[in-house]
file target29.cif (mmCIF, C-alpha atoms and all ligand atoms)
data_target
loop_
_atom_site.label_atom_id
_atom_site.label_comp_id
_atom_site.auth_asym_id
_atom_site.auth_seq_id
_atom_site.Cartn_x
_atom_site.Cartn_y
_atom_site.Cartn_z
CA MET A 3 0.00 0.00 0.00
CA GLU A 4 1.11 3.57 -0.69
CA LYS A 5 1.19 5.82 2.38
CA TYR A 6 -2.47 6.57 1.69
CA TYR A 7 -5.10 5.99 -0.96
CA HIS A 8 -8.35 7.63 -1.95
CA ARG A 9 -11.49 5.52 -1.94
CA THR A 10 -14.27 6.31 -4.36
CA ALA A 11 -17.00 4.24 -2.73
CA CYS A 12 -18.57 4.26 0.74
CA SER A 13 -16.78 1.81 3.05
CA ILE A 14 -20.09 0.83 4.62
CA CYS A 15 -22.52 0.30 1.72
CA GLY A 16 -20.40 0.58 -1.41
CA SER A 17 -22.36 3.54 -2.83
CA ARG A 18 -20.59 6.19 -4.90
CA ASN A 19 -23.23 8.77 -4.08
CA LEU A 20 -20.96 10.65 -1.68
CA SER A 21 -20.87 14.33 -0.88
CA LEU A 22 -17.92 16.30 0.53
CA VAL A 23 -19.27 18.12 3.61
CA LEU A 24 -16.07 19.29 5.30
CA ASP A 25 -12.59 19.95 3.89
CA LEU A 26 -9.89 20.49 6.53
CA GLY A 27 -7.13 20.56 3.92
CA GLN A 28 -3.76 18.79 4.06
CA MET A 29 -3.02 17.71 7.61
CA PRO A 30 -0.17 15.92 9.38
CA LEU A 31 -1.05 12.78 11.34
CA ALA A 32 -2.48 13.80 14.68
CA ASN A 33 -0.34 11.43 16.75
CA ALA A 34 2.89 11.90 14.75
CA PHE A 35 4.77 13.87 17.39
CA LEU A 36 8.26 14.81 16.25
CA LYS A 37 11.72 14.55 17.77
CA LYS A 38 13.82 17.71 17.71
CA GLU A 39 16.04 16.37 14.93
CA GLU A 40 12.95 15.66 12.78
CA LEU A 41 11.72 19.24 12.84
CA PHE A 42 13.57 20.22 9.70
CA LEU A 43 12.71 17.13 7.69
CA PRO A 44 9.69 17.12 5.34
CA GLU A 45 6.57 16.07 7.24
CA ASP A 46 3.92 13.81 5.70
CA LYS A 47 0.57 15.51 5.20
CA PHE A 48 -2.59 13.92 3.88
CA PRO A 49 -6.01 15.26 2.82
CA LEU A 50 -8.50 15.41 5.70
CA CYS A 51 -11.95 15.58 4.10
CA VAL A 52 -15.23 14.31 5.49
CA TYR A 53 -17.87 12.79 3.20
CA PHE A 54 -21.54 12.03 3.75
CA CYS A 55 -23.00 8.98 2.02
CA ARG A 56 -26.35 9.93 0.52
CA ASP A 57 -27.40 6.27 0.49
CA CYS A 58 -26.59 4.94 3.98
CA SER A 59 -26.05 8.30 5.85
CA SER A 60 -22.60 7.31 7.08
CA LEU A 61 -19.98 9.99 7.64
CA GLN A 62 -16.44 9.00 6.75
CA LEU A 63 -13.03 9.85 5.37
CA LEU A 64 -12.17 8.51 1.94
CA ASP A 65 -8.44 9.27 2.14
CA ILE A 66 -7.22 6.24 4.04
CA VAL A 67 -3.75 6.29 5.56
CA ASP A 68 -1.94 2.95 5.77
CA PRO A 69 -2.76 1.52 9.25
CA GLU A 70 0.84 0.28 9.58
CA ILE A 71 1.92 3.95 9.65
CA LEU A 72 -0.83 4.96 12.06
CA PHE A 73 -0.85 2.13 14.57
CA LYS A 74 2.39 0.13 14.63
CA TYR A 75 4.03 2.54 17.05
CA TYR A 76 1.64 4.53 19.19
CA ASP A 77 2.34 7.47 21.51
CA TYR A 78 -1.10 7.24 23.09
CA LEU A 79 -1.46 5.46 26.43
CA THR A 80 -4.85 4.89 28.05
CA SER A 81 -3.24 4.90 31.49
CA ALA A 82 -1.93 8.48 30.99
CA SER A 83 -5.45 9.95 31.26
CA LYS A 84 -6.67 9.16 34.77
CA PRO A 85 -10.40 9.70 34.05
CA LEU A 86 -10.18 7.41 31.00
CA ALA A 87 -8.32 4.71 32.91
CA GLU A 88 -10.91 4.89 35.71
CA HIS A 89 -13.70 4.65 33.17
CA PHE A 90 -12.25 1.47 31.64
CA VAL A 91 -11.59 -0.16 35.01
CA TRP A 92 -15.22 0.47 35.87
CA MET A 93 -16.40 -0.77 32.46
CA GLY A 94 -14.33 -3.96 32.77
CA LYS A 95 -15.84 -4.70 36.18
CA GLU A 96 -19.37 -4.04 34.88
CA LEU A 97 -18.89 -6.36 31.92
CA ALA A 98 -17.41 -9.09 34.08
CA GLU A 99 -20.30 -8.77 36.51
CA GLU A 100 -22.94 -9.02 33.79
CA PHE A 101 -21.46 -11.49 31.30
CA VAL A 102 -18.69 -13.56 32.94
CA SER A 103 -19.72 -16.53 35.03
CA SER A 104 -16.58 -18.65 35.34
CA GLN A 105 -12.82 -18.26 35.56
CA LYS A 106 -12.65 -20.28 32.35
CA ASP A 107 -14.55 -17.62 30.39
CA LEU A 108 -12.49 -15.64 27.91
CA VAL A 109 -12.61 -11.86 27.45
CA VAL A 110 -10.83 -10.57 24.34
CA GLU A 111 -10.10 -6.89 23.88
CA ILE A 112 -9.42 -5.50 20.40
CA GLY A 113 -7.05 -2.53 20.64
CA GLY A 114 -6.69 -2.92 24.39
CA ASN A 115 -3.76 -0.50 24.44
CA ASP A 116 -1.72 -0.77 27.66
CA GLY A 117 -4.17 -3.22 29.22
CA VAL A 118 -6.04 -1.01 31.70
CA LEU A 119 -9.44 -2.69 31.25
CA LEU A 120 -8.20 -6.28 31.17
CA GLU A 121 -5.93 -5.80 34.16
CA ALA A 122 -9.00 -4.91 36.22
CA ILE A 123 -10.65 -8.29 35.52
CA LYS A 124 -7.76 -10.67 34.95
CA GLU A 125 -8.32 -12.46 38.27
CA LYS A 126 -11.94 -13.21 37.33
CA CYS A 127 -11.47 -14.84 33.89
CA ARG A 128 -9.02 -15.51 31.06
CA VAL A 129 -8.06 -12.33 29.20
CA LEU A 130 -6.43 -11.64 25.85
CA ASN A 131 -5.39 -8.29 24.42
CA ILE A 132 -4.98 -7.79 20.66
CA ASP A 133 -3.15 -4.56 19.87
CA PRO A 134 -1.06 -3.78 16.79
CA ALA A 135 1.25 -1.26 18.48
CA GLU A 136 4.36 -3.19 19.56
CA ASN A 137 5.48 -0.59 22.11
CA VAL A 138 2.06 -0.49 23.78
CA ALA A 139 1.58 -4.29 23.64
CA GLU A 140 4.82 -4.68 25.56
CA ILE A 141 3.48 -2.51 28.41
CA SER A 142 0.33 -4.65 28.49
CA ARG A 143 2.41 -7.87 28.68
CA ARG A 144 4.40 -6.47 31.59
CA LYS A 145 1.10 -6.28 33.50
CA GLY A 146 0.71 -10.05 33.09
CA ILE A 147 -1.84 -9.85 30.27
CA GLU A 148 -1.43 -12.19 27.33
CA THR A 149 -1.12 -9.82 24.39
CA ILE A 150 -0.91 -10.52 20.69
CA SER A 151 0.54 -7.72 18.63
CA CYS A 152 -1.48 -7.75 15.40
CA PHE A 153 -4.40 -6.11 13.64
CA PHE A 154 -7.68 -7.83 14.41
CA SER A 155 -9.33 -9.37 11.34
CA GLU A 156 -11.46 -12.36 10.43
CA GLY A 157 -8.25 -14.40 10.01
CA ALA A 158 -6.95 -13.31 13.44
CA ALA A 159 -10.34 -14.26 14.95
CA GLU A 160 -10.10 -17.78 13.49
CA LYS A 161 -6.64 -18.21 14.94
CA ILE A 162 -7.73 -17.00 18.38
CA LEU A 163 -10.71 -19.33 18.20
CA SER A 164 -8.56 -22.36 17.43
CA GLU A 165 -6.03 -21.56 20.17
CA HIS A 166 -8.27 -20.18 22.93
CA GLY A 167 -11.86 -21.20 22.11
CA ASN A 168 -14.94 -18.95 22.05
CA ALA A 169 -14.93 -15.62 23.86
CA LYS A 170 -17.70 -14.78 26.28
CA VAL A 171 -17.07 -11.09 25.69
CA VAL A 172 -15.23 -9.22 22.96
CA VAL A 173 -14.56 -5.58 23.83
CA ALA A 174 -13.37 -2.89 21.41
CA ASN A 175 -13.13 0.61 22.75
CA ASN A 176 -12.31 3.51 20.46
CA VAL A 177 -11.33 1.27 17.58
CA MET A 178 -14.55 0.95 15.56
CA ALA A 179 -13.89 4.38 14.07
CA HIS A 180 -10.34 3.41 13.16
CA ILE A 181 -10.78 0.34 10.99
CA GLU A 182 -11.69 0.59 7.32
CA ASN A 183 -12.93 -2.97 6.97
CA LEU A 184 -15.63 -2.90 9.63
CA LYS A 185 -17.48 -5.79 8.04
CA GLY A 186 -14.36 -7.91 8.58
CA ILE A 187 -14.33 -6.92 12.26
CA PHE A 188 -17.99 -7.78 12.76
CA SER A 189 -17.53 -11.10 10.93
CA GLY A 190 -14.46 -11.99 13.00
CA VAL A 191 -16.19 -11.09 16.25
CA LYS A 192 -19.28 -13.07 15.24
CA LYS A 193 -17.14 -16.19 14.87
CA LEU A 194 -15.32 -15.56 18.12
CA ILE A 195 -18.37 -15.01 20.34
CA GLY A 196 -20.16 -18.12 19.06
CA GLU A 197 -23.81 -18.54 20.05
CA ASP A 198 -23.89 -16.88 23.46
CA GLY A 199 -21.08 -14.36 23.69
CA VAL A 200 -21.46 -10.59 23.41
CA PHE A 201 -19.62 -7.84 21.55
CA VAL A 202 -19.41 -4.57 23.46
CA PHE A 203 -17.76 -1.50 22.01
CA GLU A 204 -17.45 2.18 22.70
CA VAL A 205 -17.05 4.66 19.93
CA HIS A 206 -17.54 8.41 19.79
CA TRP A 207 -20.98 9.46 18.67
CA VAL A 208 -21.50 11.67 15.66
CA GLY A 209 -24.40 13.45 17.41
CA ASN A 210 -21.90 14.72 19.96
CA LEU A 211 -19.29 15.58 17.33
CA ILE A 212 -21.65 18.01 15.63
CA GLY A 213 -23.28 19.20 18.87
CA GLU A 214 -21.56 19.72 22.19
CA GLY A 215 -18.30 18.05 21.19
CA GLY A 216 -15.69 19.28 18.77
CA PHE A 217 -14.76 18.91 15.12
CA ASP A 218 -11.20 18.32 16.35
CA GLN A 219 -12.09 14.66 16.84
CA ILE A 220 -11.72 14.44 13.07
CA TYR A 221 -8.29 13.12 12.14
CA HIS A 222 -6.93 10.40 9.88
CA GLU A 223 -7.14 7.67 12.53
CA HIS A 224 -10.90 8.20 12.71
CA ILE A 225 -12.21 6.97 9.39
CA PHE A 226 -15.82 6.89 10.63
CA TYR A 227 -18.05 9.25 12.66
CA HIS A 228 -20.68 6.77 13.71
CA SER A 229 -24.36 6.88 14.39
CA LEU A 230 -26.28 3.95 15.83
CA THR A 231 -28.43 4.04 12.69
CA VAL A 232 -25.46 3.13 10.49
CA LEU A 233 -23.93 0.64 12.94
CA LYS A 234 -27.24 -1.22 13.21
CA HIS A 235 -27.45 -1.75 9.43
CA LEU A 236 -23.86 -2.88 9.37
CA ALA A 237 -24.18 -5.33 12.27
CA GLU A 238 -27.39 -6.79 10.82
CA SER A 239 -25.79 -7.27 7.41
CA ILE A 240 -23.32 -9.62 9.15
CA GLY A 241 -25.91 -11.45 11.25
CA LEU A 242 -25.39 -9.67 14.59
CA LYS A 243 -28.09 -7.71 16.40
CA ILE A 244 -27.50 -4.57 18.43
CA PHE A 245 -29.48 -5.23 21.60
CA ASP A 246 -28.55 -2.28 23.83
CA ILE A 247 -26.99 1.18 23.70
CA LYS A 248 -25.89 3.61 26.39
CA ILE A 249 -24.29 7.01 26.17
CA VAL A 250 -21.13 7.30 28.29
CA PRO A 251 -19.33 10.58 29.09
CA ILE A 252 -16.08 9.72 27.32
CA HIS A 253 -14.53 11.81 24.53
CA GLY A 254 -17.48 14.15 25.00
CA GLN A 255 -20.15 11.53 24.56
CA SER A 256 -19.53 8.04 23.28
CA MET A 257 -21.93 5.24 22.49
CA ARG A 258 -21.50 1.97 24.34
CA VAL A 259 -23.03 -0.56 21.96
CA PHE A 260 -23.94 -4.16 22.80
CA ALA A 261 -24.29 -6.70 19.98
CA ALA A 262 -24.86 -10.45 19.94
CA LYS A 263 -26.60 -13.15 17.96
CA ASN A 264 -29.39 -14.12 20.28
CA PHE A 265 -30.02 -11.48 22.95
CA GLU A 266 -33.39 -9.84 23.39
CA ILE A 267 -33.40 -6.29 22.00
CA ARG A 268 -33.95 -3.64 24.68
CA SER A 269 -36.11 -0.52 24.23
CA SER A 270 -33.00 1.71 24.41
CA VAL A 271 -32.21 0.82 20.78
CA ASP A 272 -35.41 2.16 19.19
CA GLU A 273 -35.39 5.16 21.50
CA PHE A 274 -31.88 6.07 20.43
CA LEU A 275 -32.64 5.60 16.74
CA ALA A 276 -35.58 8.00 17.09
CA LYS A 277 -33.32 10.53 18.79
CA GLU A 278 -30.85 10.34 15.89
CA LYS A 279 -33.64 10.92 13.38
CA ASN A 280 -34.74 14.00 15.31
CA LEU A 281 -31.20 15.35 15.19
CA GLY A 282 -31.19 14.96 11.40
CA LEU A 283 -28.21 12.61 11.39
CA ASP A 284 -29.52 11.12 8.14
CA LYS A 285 -29.43 14.48 6.33
CA GLU A 286 -26.61 16.10 4.40
CA GLU A 287 -27.71 19.65 5.42
CA THR A 288 -27.02 18.79 9.08
CA PHE A 289 -23.34 18.29 8.28
CA LEU A 290 -23.08 21.32 6.01
CA ALA A 291 -24.40 23.43 8.90
CA PHE A 292 -21.76 21.82 11.15
CA ALA A 293 -19.01 22.86 8.70
CA GLN A 294 -20.23 26.47 8.85
CA LYS A 295 -20.15 26.39 12.67
CA ILE A 296 -16.49 25.30 12.60
CA SER A 297 -15.51 28.14 10.35
CA ASP A 298 -17.31 30.70 12.60
CA ASN A 299 -15.54 29.29 15.65
CA LYS A 300 -12.15 29.48 13.94
CA LYS A 301 -12.46 33.24 13.66
CA ARG A 302 -13.79 33.55 17.19
CA LEU A 303 -10.92 31.59 18.80
CA ILE A 304 -8.16 33.23 16.75
CA ASP A 305 -9.48 36.70 17.64
CA MET A 306 -9.69 35.71 21.30
CA LEU A 307 -6.12 34.40 21.46
CA GLY A 308 -4.78 37.37 19.47
CA GLN A 309 -6.34 39.80 21.90
CA ILE A 310 -4.90 37.97 24.92
CA LYS A 311 -1.42 38.05 23.35
CA GLU A 312 -1.77 41.76 22.65
CA GLU A 313 -2.24 42.21 26.41
CA GLY A 314 1.17 40.53 26.82
CA LYS A 315 -0.18 37.42 28.55
CA MET A 316 1.17 33.87 28.38
CA ILE A 317 -1.03 31.09 26.94
CA VAL A 318 -0.13 27.40 27.01
CA GLY A 319 -1.95 24.38 25.63
CA TYR A 320 -3.28 22.00 28.30
CA GLY A 321 -2.86 18.44 27.03
CA ALA A 322 -1.40 17.33 23.74
CA PRO A 323 -4.20 15.03 22.55
CA ALA A 324 -4.46 13.96 18.94
CA LYS A 325 -7.56 16.12 18.61
CA GLY A 326 -5.53 19.16 19.69
CA ASN A 327 -3.40 18.74 16.61
CA THR A 328 -6.42 18.93 14.30
CA LEU A 329 -7.47 22.11 16.06
CA LEU A 330 -4.03 23.73 16.11
CA ASN A 331 -3.30 22.91 12.47
CA TYR A 332 -6.68 23.82 11.02
CA PHE A 333 -6.86 27.06 13.02
CA GLN A 334 -3.12 27.68 12.46
CA ILE A 335 -2.38 28.21 16.14
CA GLY A 336 1.39 27.96 16.52
CA HIS A 337 4.30 28.66 18.81
CA GLY A 338 3.67 32.44 18.46
CA LEU A 339 0.43 32.05 20.41
CA LEU A 340 1.18 29.05 22.65
CA ASP A 341 4.46 28.87 24.56
CA PHE A 342 4.23 25.09 25.01
CA LEU A 343 1.83 22.18 25.50
CA THR A 344 1.82 20.13 28.70
CA ASP A 345 0.90 16.48 28.69
CA THR A 346 0.90 13.68 31.25
CA THR A 347 1.98 11.04 28.69
CA PRO A 348 5.69 10.34 29.23
CA LEU A 349 6.04 9.21 25.58
CA LYS A 350 4.97 12.66 24.31
CA GLN A 351 7.13 14.78 26.64
CA GLY A 352 10.22 16.20 24.93
CA LEU A 353 8.60 15.89 21.49
CA TYR A 354 7.01 18.55 19.25
CA SER A 355 3.43 18.70 18.01
CA PRO A 356 2.88 17.60 14.41
CA GLY A 357 2.51 20.45 11.93
CA MET A 358 2.70 23.40 14.33
CA HIS A 359 5.87 22.16 16.08
CA ILE A 360 4.98 23.35 19.58
CA PRO A 361 7.12 21.70 22.30
CA VAL A 362 5.38 19.22 24.60
CA VAL A 363 6.56 19.26 28.20
CA SER A 364 5.69 17.65 31.50
CA PRO A 365 2.91 19.31 33.55
CA ASP A 366 5.61 20.20 36.17
CA LYS A 367 6.42 23.17 33.96
CA ILE A 368 3.04 24.73 34.81
CA ASP A 369 4.02 25.49 38.40
CA GLU A 370 7.29 26.97 37.25
CA LYS A 371 5.84 29.25 34.53
CA ARG A 372 2.39 30.07 35.96
CA PRO A 373 0.68 30.77 32.60
CA ASP A 374 -2.13 33.36 32.47
CA TYR A 375 -4.28 31.22 30.19
CA PHE A 376 -4.61 27.55 29.34
CA LEU A 377 -6.08 26.53 26.02
CA LEU A 378 -7.79 23.31 27.10
CA LEU A 379 -6.99 21.00 24.21
CA ALA A 380 -8.01 17.97 26.31
CA TRP A 381 -11.50 19.58 26.69
CA ASN A 382 -13.10 16.15 27.07
CA TYR A 383 -11.58 15.92 30.57
CA ALA A 384 -12.58 19.48 31.54
CA ASP A 385 -14.26 18.52 34.82
CA ALA A 386 -11.35 16.44 36.11
CA ILE A 387 -8.74 18.94 34.93
CA LEU A 388 -10.47 22.00 36.39
CA ALA A 389 -10.78 20.19 39.71
CA LYS A 390 -7.10 19.20 39.58
CA GLU A 391 -5.97 22.75 38.73
CA GLN A 392 -8.16 24.55 41.25
CA LYS A 393 -5.14 26.12 42.99
CA MET A 394 -3.85 27.52 39.70
CA ILE A 395 -7.30 28.96 38.98
CA GLU A 396 -7.43 30.56 42.45
CA LYS A 397 -4.11 32.20 41.69
CA GLY A 398 -5.65 33.80 38.58
CA SER A 399 -4.98 31.43 35.66
CA LYS A 400 -7.91 31.08 33.27
CA PHE A 401 -9.02 28.20 31.07
CA ILE A 402 -10.22 28.58 27.49
CA ILE A 403 -12.46 25.85 26.08
CA PRO A 404 -11.84 25.86 22.32
CA VAL A 405 -14.89 23.98 20.97
CA PRO A 406 -17.68 23.90 19.92
CA GLU A 407 -17.69 27.64 20.56
CA ALA A 408 -14.56 29.13 22.12
CA LYS A 409 -15.16 30.49 25.59
CA ILE A 410 -13.12 31.65 28.56
CA LEU A 411 -14.24 30.00 31.80
P1 LIG B 1 -7.54 11.97 24.77
O1 LIG B 1 -8.50 13.07 24.87
O2 LIG B 1 -7.84 10.76 25.53
O3 LIG B 1 -7.45 11.51 23.31
P2 LIG B 1 -7.07 11.86 21.83
O4 LIG B 1 -5.57 11.77 21.76
O5 LIG B 1 -7.77 10.75 21.20
O6 LIG B 1 -7.60 13.20 21.38
O7 LIG B 1 -6.10 12.49 25.15
C1 LIG B 1 -5.93 13.30 26.27
C2 LIG B 1 -4.51 13.75 26.33
O8 LIG B 1 -4.41 14.71 27.37
C3 LIG B 1 -3.53 12.65 26.62
O9 LIG B 1 -2.36 12.85 25.83
C4 LIG B 1 -3.20 12.84 28.09
C5 LIG B 1 -3.43 14.30 28.32
N1 LIG B 1 -3.91 14.68 29.66
C6 LIG B 1 -3.17 15.57 30.42
O10 LIG B 1 -2.11 16.05 29.97
N2 LIG B 1 -3.62 15.91 31.67
C7 LIG B 1 -4.76 15.39 32.19
O11 LIG B 1 -5.14 15.72 33.34
C8 LIG B 1 -5.53 14.48 31.39
C9 LIG B 1 -6.83 13.92 31.89
C10 LIG B 1 -5.08 14.13 30.12
#

call {"tool": "encode", "arguments": {"input": "target29.cif", "output": "structure tokens"}}
result
Amino acid sequence: MEKYYHRTACSICGSRNLSLVLDLGQMPLANAFLKKEELFLPEDKFPLCVYFCRDCSSLQLLDIVDPEILFKYYDYLTSASKPLAEHFVWMGKELAEEFVSSQKDLVVEIGGNDGVLLEAIKEKCRVLNIDPAENVAEISRRKGIETISCFFSEGAAEKILSEHGNAKVVVANNVMAHIENLKGIFSGVKKLIGEDGVFVFEVHWVGNLIGEGGFDQIYHEHIFYHSLTVLKHLAESIGLKIFDIKIVPIHGQSMRVFAAKNFEIRSSVDEFLAKEKNLGLDKEETFLAFAQKISDNKKRLIDMLGQIKEEGKMIVGYGAPAKGNTLLNYFQIGHGLLDFLTDTTPLKQGLYSPGMHIPVVSPDKIDEKRPDYFLLLAWNYADAILAKEQKMIEKGSKFIIPVPEAKIL
């Protein structure tokens, strides 16, 4: 495969009746943080354009970057974001409580990253992590979790099945937006869970993306911006039924979707589908209006930051999430406006942000520099971060939430 290729048909239904609703231009990869010596080398940039399928209503990228480039080495660690780690520990325990009945039961996690969820339940059942990033898989193994470093596929599912038997639960959090061949994933999982297992996955919800969340969740790793409406069609086309859905407060709002072959369908599913219809998630105009909102907010945030700099104040970016790099690059917010970014992920510290080349440092630097303003790039953890930084706020530092409409708290 070339570094990327352009699809001409919808990855979900095969239609060519696709409409470009948002063009973010040429963008670097959102997790491709750079070493100092790489700053002067040419940086890969790829088109970041969002398309609406007029036949199945899915929202997706058609410029697909080679997953080997995106996921073989990964700077992102679940354990670096405390609220996320806590969420997955709690989710793991809930799933074990509801679906695991014996120590012999198997729970497989697709894209289990550094093993936070499985570690929480590994005394209760057999666990297996499947994650393509070698560096992250190694951290998971060190926690005593059997981890296979590969991309999940129908073939991988067959191999797991022959070596480990059926899984009682397959979990896949924040990966169902990342994989082009979703039918292959559903088919593989269907084989693996057999007649009475369940497939539970969390994925960010397009209703939140265009509402209270932020467009910055759009980057090359996220090929899809899912609705339940589209996921239901897809699951059914493979012979799985979605039997439950919950909204969880992760990455703004994510859907937790439950699928299986033979479970009774709960009322939550129809209720949620009706809610999506009311929001117009099946209409192209909804996404064109979203694109206009982004462009209005761009002007608003740039004006706000420019004015603060004119007053001679210091602004730093709080967090260096992937989404922050979409925001910084599309809005062209660089080192002239932000002195540095702080991030709790050790792997990111000492590196530079893709595209805008802003240094990423440890949060210890905050106490030393006492910035006047923080641009909260990790806005999805606003509650936890504001609580953690209460002292800084009492001393006069202010937080700016960049999306969906920039505001100073
Ligand atoms: P996250 O929002 O989970 O994801 P994405 O990369 O998909 O946009 O990333 C949050 C980032 O913010 C992660 O790099 C860790 C960092 N972070 C902090 O620096 N401080 C904090 O208190 C928290 C919660 C996260």

call {"tool": "residues_around", "arguments": {"input": "target29.cif", "residues": "Leu72 of chain A", "least_positions_apart": "4", "cutoff": "9 Å", "atoms": "only C-alpha atoms", "output": "count of residues only"}}
result
8

call {"tool": "residues_near_ligand", "arguments": {"input": "target29.cif", "ligand": "ligand LIG 1 (chain B)", "cutoff": "10 Å", "atoms": "only C-alpha atoms and all ligand atoms", "output": "NGL selection string"}}
result
:A and (32-33 or 77-87 or 176 or 218-221 or 223-224 or 252-254 or 319-328 or 343-351 or 362-365 or 378-391)

call {"tool": "residues_around", "arguments": {"input": "target29.cif", "residues": "Asn331 of chain A", "least_positions_apart": "3", "cutoff": "9 Å", "atoms": "all atoms listed in the file", "output": "MDAnalysis selection string"}}
result
chainID A and resid 29:30 326:328 334:336 356:358

call {"tool": "write_last_selection", "arguments": {"input": "target29.cif", "atoms": "C-alpha atoms", "output": "PDB file, keeping the file's coordinate frame"}}
result
ATOM      1  CA  MET A  29      -3.020  17.710   7.610  1.00  0.00           C
ATOM      2  CA  PRO A  30      -0.170  15.920   9.380  1.00  0.00           C
ATOM      3  CA  GLY A 326      -5.530  19.160  19.690  1.00  0.00           C
ATOM      4  CA  ASN A 327      -3.400  18.740  16.610  1.00  0.00           C
ATOM      5  CA  THR A 328      -6.420  18.930  14.300  1.00  0.00           C
ATOM      6  CA  GLN A 334      -3.120  27.680  12.460  1.00  0.00           C
ATOM      7  CA  ILE A 335      -2.380  28.210  16.140  1.00  0.00           C
ATOM      8  CA  GLY A 336       1.390  27.960  16.520  1.00  0.00           C
ATOM      9  CA  PRO A 356       2.880  17.600  14.410  1.00  0.00           C
ATOM     10  CA  GLY A 357       2.510  20.450  11.930  1.00  0.00           C
ATOM     11  CA  MET A 358       2.700  23.400  14.330  1.00  0.00           C
TER      12      MET A 358
END

call {"tool": "closest_atom_pairs", "arguments": {"input": "target29.cif", "of": "segment 107-206 of chain A", "to": "segment 232-243 of chain A", "cutoff": "10 Å", "atoms": "all atoms listed in the file", "output": "CSV"}}
result
residue,atom,partner,partner_atom,distance
A:Met178,CA,A:Leu233,CA,9.7
A:Leu184,CA,A:Leu236,CA,8.2
A:Lys185,CA,A:Ile240,CA,7.1
A:Gly186,CA,A:Ile240,CA,9.1
A:Ile187,CA,A:Ile240,CA,9.9
A:Phe188,CA,A:Ala237,CA,6.7
A:Ser189,CA,A:Ile240,CA,6.2
A:Gly190,CA,A:Ile240,CA,9.9
A:Val191,CA,A:Leu242,CA,9.5
A:Lys192,CA,A:Leu242,CA,7.0
A:Val200,CA,A:Leu242,CA,9.7
A:Phe201,CA,A:Leu242,CA,9.2

call {"tool": "residues_around", "arguments": {"input": "target29.cif", "residues": "segment 294-303 of chain A", "least_positions_apart": "4", "cutoff": "8 Å", "atoms": "only C-alpha atoms", "output": "PyMOL selection string"}}
result
chain A and resi 217+290+307+333+404-408

call {"tool": "write_last_selection", "arguments": {"input": "target29.cif", "atoms": "C-alpha atoms", "output": "CSV table (one decimal), in the coordinates of the input"}}
result
chain,number,residue,atom,x,y,z
A,217,PHE,CA,-14.8,18.9,15.1
A,290,LEU,CA,-23.1,21.3,6.0
A,307,LEU,CA,-6.1,34.4,21.5
A,333,PHE,CA,-6.9,27.1,13.0
A,404,PRO,CA,-11.8,25.9,22.3
A,405,VAL,CA,-14.9,24.0,21.0
A,406,PRO,CA,-17.7,23.9,19.9
A,407,GLU,CA,-17.7,27.6,20.6
A,408,ALA,CA,-14.6,29.1,22.1

call {"tool": "closest_residue", "arguments": {"input": "target29.cif", "among": "A:Leu20, A:Val173, A:Ile225, A:Met316", "to": "Arg258 of chain A", "atoms": "only C-alpha atoms"}}
result
A:Val173
